[in-house]
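Enquirer: My structure file protein_38.cif, mmCIF, N, CA and C atoms, is below:
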```
data_work
#
loop_
_atom_site.label_atom_id
_atom_site.label_comp_id
_atom_site.auth_asym_id
_atom_site.auth_seq_id
_atom_site.Cartn_x
_atom_site.Cartn_y
_atom_site.Cartn_z
N LEU A 1 8.55 5.64 -8.17
CA LEU A 1 7.48 5.23 -7.27
C LEU A 1 6.18 5.80 -7.80
N LYS A 2 5.19 4.98 -7.97
CA LYS A 2 3.91 5.45 -8.49
C LYS A 2 2.82 5.22 -7.47
N LEU A 3 2.05 6.25 -7.22
CA LEU A 3 0.87 6.15 -6.36
C LEU A 3 -0.32 5.81 -7.23
N TYR A 4 -1.23 5.02 -6.72
CA TYR A 4 -2.44 4.72 -7.45
C TYR A 4 -3.51 5.73 -7.08
N ASN A 5 -3.30 6.97 -7.51
CA ASN A 5 -4.31 8.00 -7.28
C ASN A 5 -4.29 8.95 -8.47
N GLU A 6 -5.20 8.73 -9.36
CA GLU A 6 -5.37 9.58 -10.54
C GLU A 6 -4.08 9.71 -11.35
N ALA A 7 -3.29 8.68 -11.35
CA ALA A 7 -2.08 8.58 -12.19
C ALA A 7 -1.05 9.67 -11.92
N ASN A 8 -1.02 10.22 -10.70
CA ASN A 8 0.03 11.19 -10.35
C ASN A 8 1.26 10.44 -9.88
N ASP A 9 2.41 10.87 -10.34
CA ASP A 9 3.65 10.25 -9.91
C ASP A 9 4.22 11.00 -8.71
N VAL A 10 4.90 10.30 -7.86
CA VAL A 10 5.57 10.91 -6.72
C VAL A 10 7.03 11.05 -7.08
N MET A 11 7.57 12.23 -6.88
CA MET A 11 8.98 12.43 -7.17
C MET A 11 9.74 12.40 -5.86
N LEU A 12 10.80 11.64 -5.83
CA LEU A 12 11.65 11.55 -4.66
C LEU A 12 12.95 12.28 -4.92
N ALA A 13 13.61 12.70 -3.85
CA ALA A 13 14.91 13.34 -3.99
C ALA A 13 15.86 12.37 -4.69
N VAL A 14 16.79 12.92 -5.42
CA VAL A 14 17.74 12.08 -6.15
C VAL A 14 18.48 11.19 -5.17
N GLY A 15 18.53 9.93 -5.49
CA GLY A 15 19.22 8.97 -4.65
C GLY A 15 18.60 7.60 -4.79
N LYS A 16 19.22 6.65 -4.15
CA LYS A 16 18.71 5.29 -4.18
C LYS A 16 18.04 5.00 -2.85
N TYR A 17 16.92 4.32 -2.93
CA TYR A 17 16.17 3.98 -1.74
C TYR A 17 15.87 2.49 -1.77
N THR A 18 15.99 1.86 -0.63
CA THR A 18 15.56 0.47 -0.53
C THR A 18 14.07 0.48 -0.19
N MET A 19 13.42 -0.64 -0.41
CA MET A 19 12.01 -0.72 -0.05
C MET A 19 11.83 -0.54 1.46
N ASN A 20 12.78 -1.02 2.24
CA ASN A 20 12.70 -0.83 3.69
C ASN A 20 12.74 0.65 4.05
N GLN A 21 13.59 1.42 3.38
CA GLN A 21 13.67 2.86 3.64
C GLN A 21 12.38 3.55 3.23
N LEU A 22 11.87 3.19 2.06
CA LEU A 22 10.62 3.79 1.60
C LEU A 22 9.46 3.44 2.54
N GLU A 23 9.42 2.20 2.96
CA GLU A 23 8.36 1.77 3.88
C GLU A 23 8.41 2.59 5.16
N LYS A 24 9.59 2.77 5.70
CA LYS A 24 9.75 3.54 6.94
C LYS A 24 9.30 4.99 6.74
N GLU A 25 9.67 5.59 5.63
CA GLU A 25 9.31 6.98 5.35
C GLU A 25 7.81 7.16 5.09
N LEU A 26 7.21 6.22 4.38
CA LEU A 26 5.83 6.39 3.94
C LEU A 26 4.79 5.78 4.88
N CYS A 27 5.23 5.03 5.86
CA CYS A 27 4.30 4.40 6.81
C CYS A 27 3.42 5.44 7.50
N SER A 28 3.99 6.55 7.89
CA SER A 28 3.23 7.59 8.59
C SER A 28 2.20 8.25 7.69
N LEU A 29 2.30 8.06 6.39
CA LEU A 29 1.34 8.63 5.44
C LEU A 29 0.26 7.63 5.06
N GLY A 30 0.26 6.47 5.70
CA GLY A 30 -0.78 5.47 5.46
C GLY A 30 -0.44 4.46 4.38
N PHE A 31 0.83 4.31 4.07
CA PHE A 31 1.23 3.31 3.09
C PHE A 31 1.50 1.98 3.78
N LEU A 32 1.05 0.92 3.17
CA LEU A 32 1.24 -0.43 3.68
C LEU A 32 2.09 -1.21 2.69
N ARG A 33 3.05 -1.95 3.21
CA ARG A 33 3.86 -2.80 2.35
C ARG A 33 3.17 -4.15 2.25
N ILE A 34 2.48 -4.36 1.15
CA ILE A 34 1.66 -5.56 0.98
C ILE A 34 2.45 -6.73 0.42
N HIS A 35 3.62 -6.45 -0.11
CA HIS A 35 4.47 -7.47 -0.75
C HIS A 35 5.87 -6.89 -0.78
N ARG A 36 6.84 -7.69 -1.00
CA ARG A 36 8.21 -7.18 -0.97
C ARG A 36 8.46 -6.11 -2.02
N THR A 37 7.62 -6.05 -3.06
CA THR A 37 7.83 -5.06 -4.13
C THR A 37 6.73 -4.01 -4.24
N TYR A 38 5.79 -3.99 -3.28
CA TYR A 38 4.67 -3.05 -3.37
C TYR A 38 4.40 -2.32 -2.06
N LEU A 39 4.30 -1.00 -2.16
CA LEU A 39 3.79 -0.14 -1.09
C LEU A 39 2.52 0.49 -1.63
N VAL A 40 1.43 0.45 -0.84
CA VAL A 40 0.14 0.93 -1.31
C VAL A 40 -0.46 1.87 -0.27
N ASN A 41 -1.01 2.98 -0.72
CA ASN A 41 -1.72 3.88 0.18
C ASN A 41 -3.04 3.22 0.56
N PHE A 42 -3.30 3.10 1.85
CA PHE A 42 -4.48 2.36 2.31
C PHE A 42 -5.78 2.98 1.83
N HIS A 43 -5.80 4.27 1.54
CA HIS A 43 -7.01 4.93 1.05
C HIS A 43 -7.51 4.34 -0.27
N PHE A 44 -6.62 3.73 -1.02
CA PHE A 44 -6.97 3.22 -2.34
C PHE A 44 -7.19 1.71 -2.37
N ILE A 45 -7.13 1.07 -1.21
CA ILE A 45 -7.40 -0.36 -1.15
C ILE A 45 -8.91 -0.57 -1.19
N ALA A 46 -9.35 -1.32 -2.19
CA ALA A 46 -10.78 -1.64 -2.32
C ALA A 46 -11.11 -2.90 -1.54
N THR A 47 -10.33 -3.96 -1.74
CA THR A 47 -10.54 -5.21 -1.02
C THR A 47 -9.21 -5.89 -0.74
N ILE A 48 -9.21 -6.68 0.32
CA ILE A 48 -8.07 -7.54 0.62
C ILE A 48 -8.58 -8.97 0.61
N GLN A 49 -8.02 -9.76 -0.28
CA GLN A 49 -8.42 -11.15 -0.38
C GLN A 49 -7.30 -12.03 0.14
N LYS A 50 -7.45 -13.32 -0.04
CA LYS A 50 -6.48 -14.27 0.51
C LYS A 50 -5.05 -13.99 0.05
N ASP A 51 -4.86 -13.80 -1.26
CA ASP A 51 -3.51 -13.63 -1.78
C ASP A 51 -3.33 -12.41 -2.67
N GLN A 52 -4.28 -11.47 -2.59
CA GLN A 52 -4.14 -10.26 -3.40
C GLN A 52 -4.90 -9.09 -2.78
N VAL A 53 -4.48 -7.91 -3.17
CA VAL A 53 -5.11 -6.66 -2.75
C VAL A 53 -5.60 -5.96 -4.00
N SER A 54 -6.86 -5.56 -3.98
CA SER A 54 -7.43 -4.83 -5.11
C SER A 54 -7.32 -3.35 -4.79
N VAL A 55 -6.65 -2.59 -5.67
CA VAL A 55 -6.39 -1.18 -5.46
C VAL A 55 -7.13 -0.37 -6.53
N GLN A 56 -7.84 0.67 -6.10
CA GLN A 56 -8.55 1.54 -7.04
C GLN A 56 -7.54 2.40 -7.79
N GLU A 57 -7.46 2.20 -9.08
CA GLU A 57 -6.56 2.99 -9.92
C GLU A 57 -7.27 4.25 -10.38
N SER A 58 -8.56 4.15 -10.61
CA SER A 58 -9.40 5.29 -10.97
C SER A 58 -10.82 4.96 -10.52
N GLN A 59 -11.74 5.84 -10.81
CA GLN A 59 -13.12 5.60 -10.39
C GLN A 59 -13.69 4.32 -11.00
N TYR A 60 -13.22 3.97 -12.18
CA TYR A 60 -13.79 2.82 -12.91
C TYR A 60 -12.86 1.63 -13.04
N LYS A 61 -11.65 1.75 -12.54
CA LYS A 61 -10.68 0.68 -12.77
C LYS A 61 -9.92 0.37 -11.48
N SER A 62 -9.75 -0.92 -11.24
CA SER A 62 -8.92 -1.35 -10.12
C SER A 62 -7.86 -2.31 -10.64
N ILE A 63 -6.84 -2.49 -9.87
CA ILE A 63 -5.75 -3.38 -10.24
C ILE A 63 -5.53 -4.34 -9.07
N ASP A 64 -5.25 -5.59 -9.38
CA ASP A 64 -4.98 -6.60 -8.35
C ASP A 64 -3.48 -6.76 -8.19
N LEU A 65 -3.02 -6.63 -6.95
CA LEU A 65 -1.61 -6.76 -6.63
C LEU A 65 -1.43 -7.94 -5.68
N PRO A 66 -0.27 -8.57 -5.71
CA PRO A 66 -0.05 -9.72 -4.83
C PRO A 66 0.04 -9.29 -3.36
N LEU A 67 -0.43 -10.16 -2.49
CA LEU A 67 -0.35 -9.96 -1.05
C LEU A 67 0.56 -11.03 -0.47
N SER A 68 1.53 -10.60 0.28
CA SER A 68 2.45 -11.53 0.91
C SER A 68 1.70 -12.46 1.86
N HIS A 69 1.90 -13.76 1.71
CA HIS A 69 1.25 -14.73 2.59
C HIS A 69 1.70 -14.52 4.04
N ARG A 70 2.96 -14.20 4.19
CA ARG A 70 3.54 -14.00 5.52
C ARG A 70 2.97 -12.77 6.22
N LYS A 71 2.66 -11.72 5.45
CA LYS A 71 2.21 -10.46 6.03
C LYS A 71 0.70 -10.27 5.97
N ALA A 72 -0.03 -11.22 5.45
CA ALA A 72 -1.46 -11.04 5.18
C ALA A 72 -2.25 -10.63 6.42
N SER A 73 -2.09 -11.32 7.53
CA SER A 73 -2.88 -10.98 8.72
C SER A 73 -2.45 -9.62 9.29
N GLU A 74 -1.16 -9.32 9.23
CA GLU A 74 -0.66 -8.02 9.70
C GLU A 74 -1.23 -6.89 8.84
N ILE A 75 -1.27 -7.08 7.54
CA ILE A 75 -1.81 -6.06 6.63
C ILE A 75 -3.29 -5.85 6.89
N ARG A 76 -4.03 -6.93 7.07
CA ARG A 76 -5.47 -6.81 7.36
C ARG A 76 -5.70 -6.03 8.65
N GLN A 77 -4.91 -6.33 9.66
CA GLN A 77 -5.04 -5.65 10.95
C GLN A 77 -4.70 -4.16 10.82
N LYS A 78 -3.62 -3.84 10.15
CA LYS A 78 -3.23 -2.44 9.95
C LYS A 78 -4.29 -1.70 9.13
N PHE A 79 -4.82 -2.35 8.11
CA PHE A 79 -5.85 -1.73 7.28
C PHE A 79 -7.09 -1.41 8.12
N LYS A 80 -7.50 -2.31 8.99
CA LYS A 80 -8.66 -2.06 9.86
C LYS A 80 -8.41 -0.87 10.77
N ILE A 81 -7.23 -0.81 11.35
CA ILE A 81 -6.88 0.31 12.24
C ILE A 81 -6.91 1.62 11.48
N LEU A 82 -6.27 1.67 10.32
CA LEU A 82 -6.24 2.90 9.52
C LEU A 82 -7.62 3.27 9.01
N SER A 83 -8.44 2.29 8.65
CA SER A 83 -9.78 2.55 8.15
C SER A 83 -10.68 3.16 9.22
N ARG A 84 -10.41 2.82 10.46
CA ARG A 84 -11.19 3.39 11.58
C ARG A 84 -10.76 4.81 11.90
N GLY A 85 -9.68 5.27 11.28
CA GLY A 85 -9.23 6.63 11.51
C GLY A 85 -8.29 6.79 12.67
N GLU A 86 -7.77 5.69 13.19
CA GLU A 86 -6.83 5.78 14.28
C GLU A 86 -5.50 6.30 13.75
N ASP A 87 -4.85 7.13 14.53
CA ASP A 87 -3.64 7.81 14.09
C ASP A 87 -2.42 6.91 13.97
N LYS A 88 -2.30 5.95 14.87
CA LYS A 88 -1.08 5.14 14.89
C LYS A 88 -1.40 3.68 14.72
N LEU A 89 -0.47 2.99 14.08
CA LEU A 89 -0.61 1.55 13.88
C LEU A 89 -0.16 0.80 15.11
#
```
Would you write the structure of this file as structure tokens?
Expert:
Amino acid sequence: LKLYNEANDVMLAVGKYTMNQLEKELCSLGFLRIHRTYLVNFHFIATIQKDQVSVQESQYKSIDLPLSHRKASEIRQKFKILSRGEDKL
């Protein structure tokens, strides 16, 4: 699992994790599941467009990741809530 924050890797305890398990564990830390294969820390989201999320990889570089069409409005709503500093989704 890689976080997009200054290229630091996150180490997990030895074992297998499903994306659903990771999503459940990391949701309280501000991670959003933007696609079936991506969890992103909301602090690093630069923009949310129709079908992609731009994530700041470093001060000068961003990366575009796919946004699930099905979850797009839910992700936008959660991002707004988290951006306002509210504790719970």
Enquirer: At most 7 Å from (-5.4, -6.3, -6.1), file frame, all atoms listed in the file: which residues, as a PDB file with N, CA and C atoms, in the coordinates of the input?
Expert:
```pdb
ATOM      1  N   THR A  47     -10.330  -3.960  -1.740  1.00  0.00           N
ATOM      2  CA  THR A  47     -10.540  -5.210  -1.020  1.00  0.00           C
ATOM      3  C   THR A  47      -9.210  -5.890  -0.740  1.00  0.00           C
ATOM      4  N   GLN A  52      -4.280 -11.470  -2.590  1.00  0.00           N
ATOM      5  CA  GLN A  52      -4.140 -10.260  -3.400  1.00  0.00           C
ATOM      6  C   GLN A  52      -4.900  -9.090  -2.780  1.00  0.00           C
ATOM      7  N   VAL A  53      -4.480  -7.910  -3.170  1.00  0.00           N
ATOM      8  CA  VAL A  53      -5.110  -6.660  -2.750  1.00  0.00           C
ATOM      9  C   VAL A  53      -5.600  -5.960  -4.000  1.00  0.00           C
ATOM     10  N   SER A  54      -6.860  -5.560  -3.980  1.00  0.00           N
ATOM     11  CA  SER A  54      -7.430  -4.830  -5.110  1.00  0.00           C
ATOM     12  C   SER A  54      -7.320  -3.350  -4.790  1.00  0.00           C
ATOM     13  N   VAL A  55      -6.650  -2.590  -5.670  1.00  0.00           N
ATOM     14  CA  VAL A  55      -6.390  -1.180  -5.460  1.00  0.00           C
ATOM     15  C   VAL A  55      -7.130  -0.370  -6.530  1.00  0.00           C
ATOM     16  N   SER A  62      -9.750  -0.920 -11.240  1.00  0.00           N
ATOM     17  CA  SER A  62      -8.920  -1.350 -10.120  1.00  0.00           C
ATOM     18  C   SER A  62      -7.860  -2.310 -10.640  1.00  0.00           C
ATOM     19  N   ILE A  63      -6.840  -2.490  -9.870  1.00  0.00           N
ATOM     20  CA  ILE A  63      -5.750  -3.380 -10.240  1.00  0.00           C
ATOM     21  C   ILE A  63      -5.530  -4.340  -9.070  1.00  0.00           C
ATOM     22  N   ASP A  64      -5.250  -5.590  -9.380  1.00  0.00           N
ATOM     23  CA  ASP A  64      -4.980  -6.600  -8.350  1.00  0.00           C
ATOM     24  C   ASP A  64      -3.480  -6.760  -8.190  1.00  0.00           C
ATOM     25  N   LEU A  65      -3.020  -6.630  -6.950  1.00  0.00           N
ATOM     26  CA  LEU A  65      -1.610  -6.760  -6.630  1.00  0.00           C
ATOM     27  C   LEU A  65      -1.430  -7.940  -5.680  1.00  0.00           C
ATOM     28  N   PRO A  66      -0.270  -8.570  -5.710  1.00  0.00           N
ATOM     29  CA  PRO A  66      -0.050  -9.720  -4.830  1.00  0.00           C
ATOM     30  C   PRO A  66       0.040  -9.290  -3.360  1.00  0.00           C
TER      31      PRO A  66
END
```
Enquirer: Record the distance separating atom CA of Phe42 of chain A and atom N of Lys16 of chain A, expressed in Å with one decimal.
Expert: 24.9 Å
Enquirer: Suppose you want the space between atom CA of Glu57 of chain A and atom CA of Ile34 of chain A; what is it in Å?
Expert: 16.1 Å
Enquirer: Given the file shown, enumerate the residues that the PyMOL selection byres (((chain A and resi 75 and name CA) around 12) and name CA) captures and present them as a PyMOL selection string.
Expert: chain A and resi 30-35+39-42+45+47-53+67-74+76-83+89
Enquirer: What is the distance, in Å and to one decimal place, between atom CA of Met19 of chain A and atom N of Gln56 of chain A?
Expert: 20.8 Å
Enquirer: How big is the axis-aligned box around all listed atoms of segment 73-88 of chain A once 5 Å goes on each side, and where's its centre, in Å to one decimal, as AutoDock Vina command-line options?
Expert:
```
--center_x -5.9 --center_y -1.8 --center_z 10.8 --size_x 20.5 --size_y 29.1 --size_z 18.3
```
Enquirer: Reconstruct segment 31-42 of chain A at the level of N, CA, C and O atoms, and format the result as an mmCIF file, keeping the file's coordinate frame.
Expert:
```
data_model
loop_
_atom_site.group_PDB
_atom_site.id
_atom_site.type_symbol
_atom_site.label_atom_id
_atom_site.label_comp_id
_atom_site.auth_asym_id
_atom_site.auth_seq_id
_atom_site.Cartn_x
_atom_site.Cartn_y
_atom_site.Cartn_z
ATOM 1 N N PHE A 31 0.830 4.310 4.070
ATOM 2 C CA PHE A 31 1.230 3.310 3.090
ATOM 3 C C PHE A 31 1.500 1.980 3.780
ATOM 4 O O PHE A 31 2.093 1.942 4.859
ATOM 5 N N LEU A 32 1.050 0.920 3.170
ATOM 6 C CA LEU A 32 1.240 -0.430 3.680
ATOM 7 C C LEU A 32 2.090 -1.210 2.690
ATOM 8 O O LEU A 32 1.845 -1.166 1.491
ATOM 9 N N ARG A 33 3.050 -1.950 3.210
ATOM 10 C CA ARG A 33 3.860 -2.800 2.350
ATOM 11 C C ARG A 33 3.170 -4.150 2.250
ATOM 12 O O ARG A 33 3.227 -4.961 3.164
ATOM 13 N N ILE A 34 2.480 -4.360 1.150
ATOM 14 C CA ILE A 34 1.660 -5.560 0.980
ATOM 15 C C ILE A 34 2.450 -6.730 0.420
ATOM 16 O O ILE A 34 1.991 -7.860 0.464
ATOM 17 N N HIS A 35 3.620 -6.450 -0.110
ATOM 18 C CA HIS A 35 4.470 -7.470 -0.750
ATOM 19 C C HIS A 35 5.870 -6.890 -0.780
ATOM 20 O O HIS A 35 6.050 -5.675 -0.622
ATOM 21 N N ARG A 36 6.840 -7.690 -1.000
ATOM 22 C CA ARG A 36 8.210 -7.180 -0.970
ATOM 23 C C ARG A 36 8.460 -6.110 -2.020
ATOM 24 O O ARG A 36 9.374 -5.303 -1.896
ATOM 25 N N THR A 37 7.620 -6.050 -3.060
ATOM 26 C CA THR A 37 7.830 -5.060 -4.130
ATOM 27 C C THR A 37 6.730 -4.010 -4.240
ATOM 28 O O THR A 37 6.744 -3.220 -5.173
ATOM 29 N N TYR A 38 5.790 -3.990 -3.280
ATOM 30 C CA TYR A 38 4.670 -3.050 -3.370
ATOM 31 C C TYR A 38 4.400 -2.320 -2.060
ATOM 32 O O TYR A 38 4.254 -2.953 -1.014
ATOM 33 N N LEU A 39 4.300 -1.000 -2.160
ATOM 34 C CA LEU A 39 3.790 -0.140 -1.090
ATOM 35 C C LEU A 39 2.520 0.490 -1.630
ATOM 36 O O LEU A 39 2.497 1.025 -2.735
ATOM 37 N N VAL A 40 1.430 0.450 -0.840
ATOM 38 C CA VAL A 40 0.140 0.930 -1.310
ATOM 39 C C VAL A 40 -0.460 1.870 -0.270
ATOM 40 O O VAL A 40 -0.435 1.568 0.932
ATOM 41 N N ASN A 41 -1.010 2.980 -0.720
ATOM 42 C CA ASN A 41 -1.720 3.880 0.180
ATOM 43 C C ASN A 41 -3.040 3.220 0.560
ATOM 44 O O ASN A 41 -3.821 2.846 -0.313
ATOM 45 N N PHE A 42 -3.300 3.100 1.850
ATOM 46 C CA PHE A 42 -4.480 2.360 2.310
ATOM 47 C C PHE A 42 -5.780 2.980 1.830
ATOM 48 O O PHE A 42 -6.781 2.287 1.679
#
```
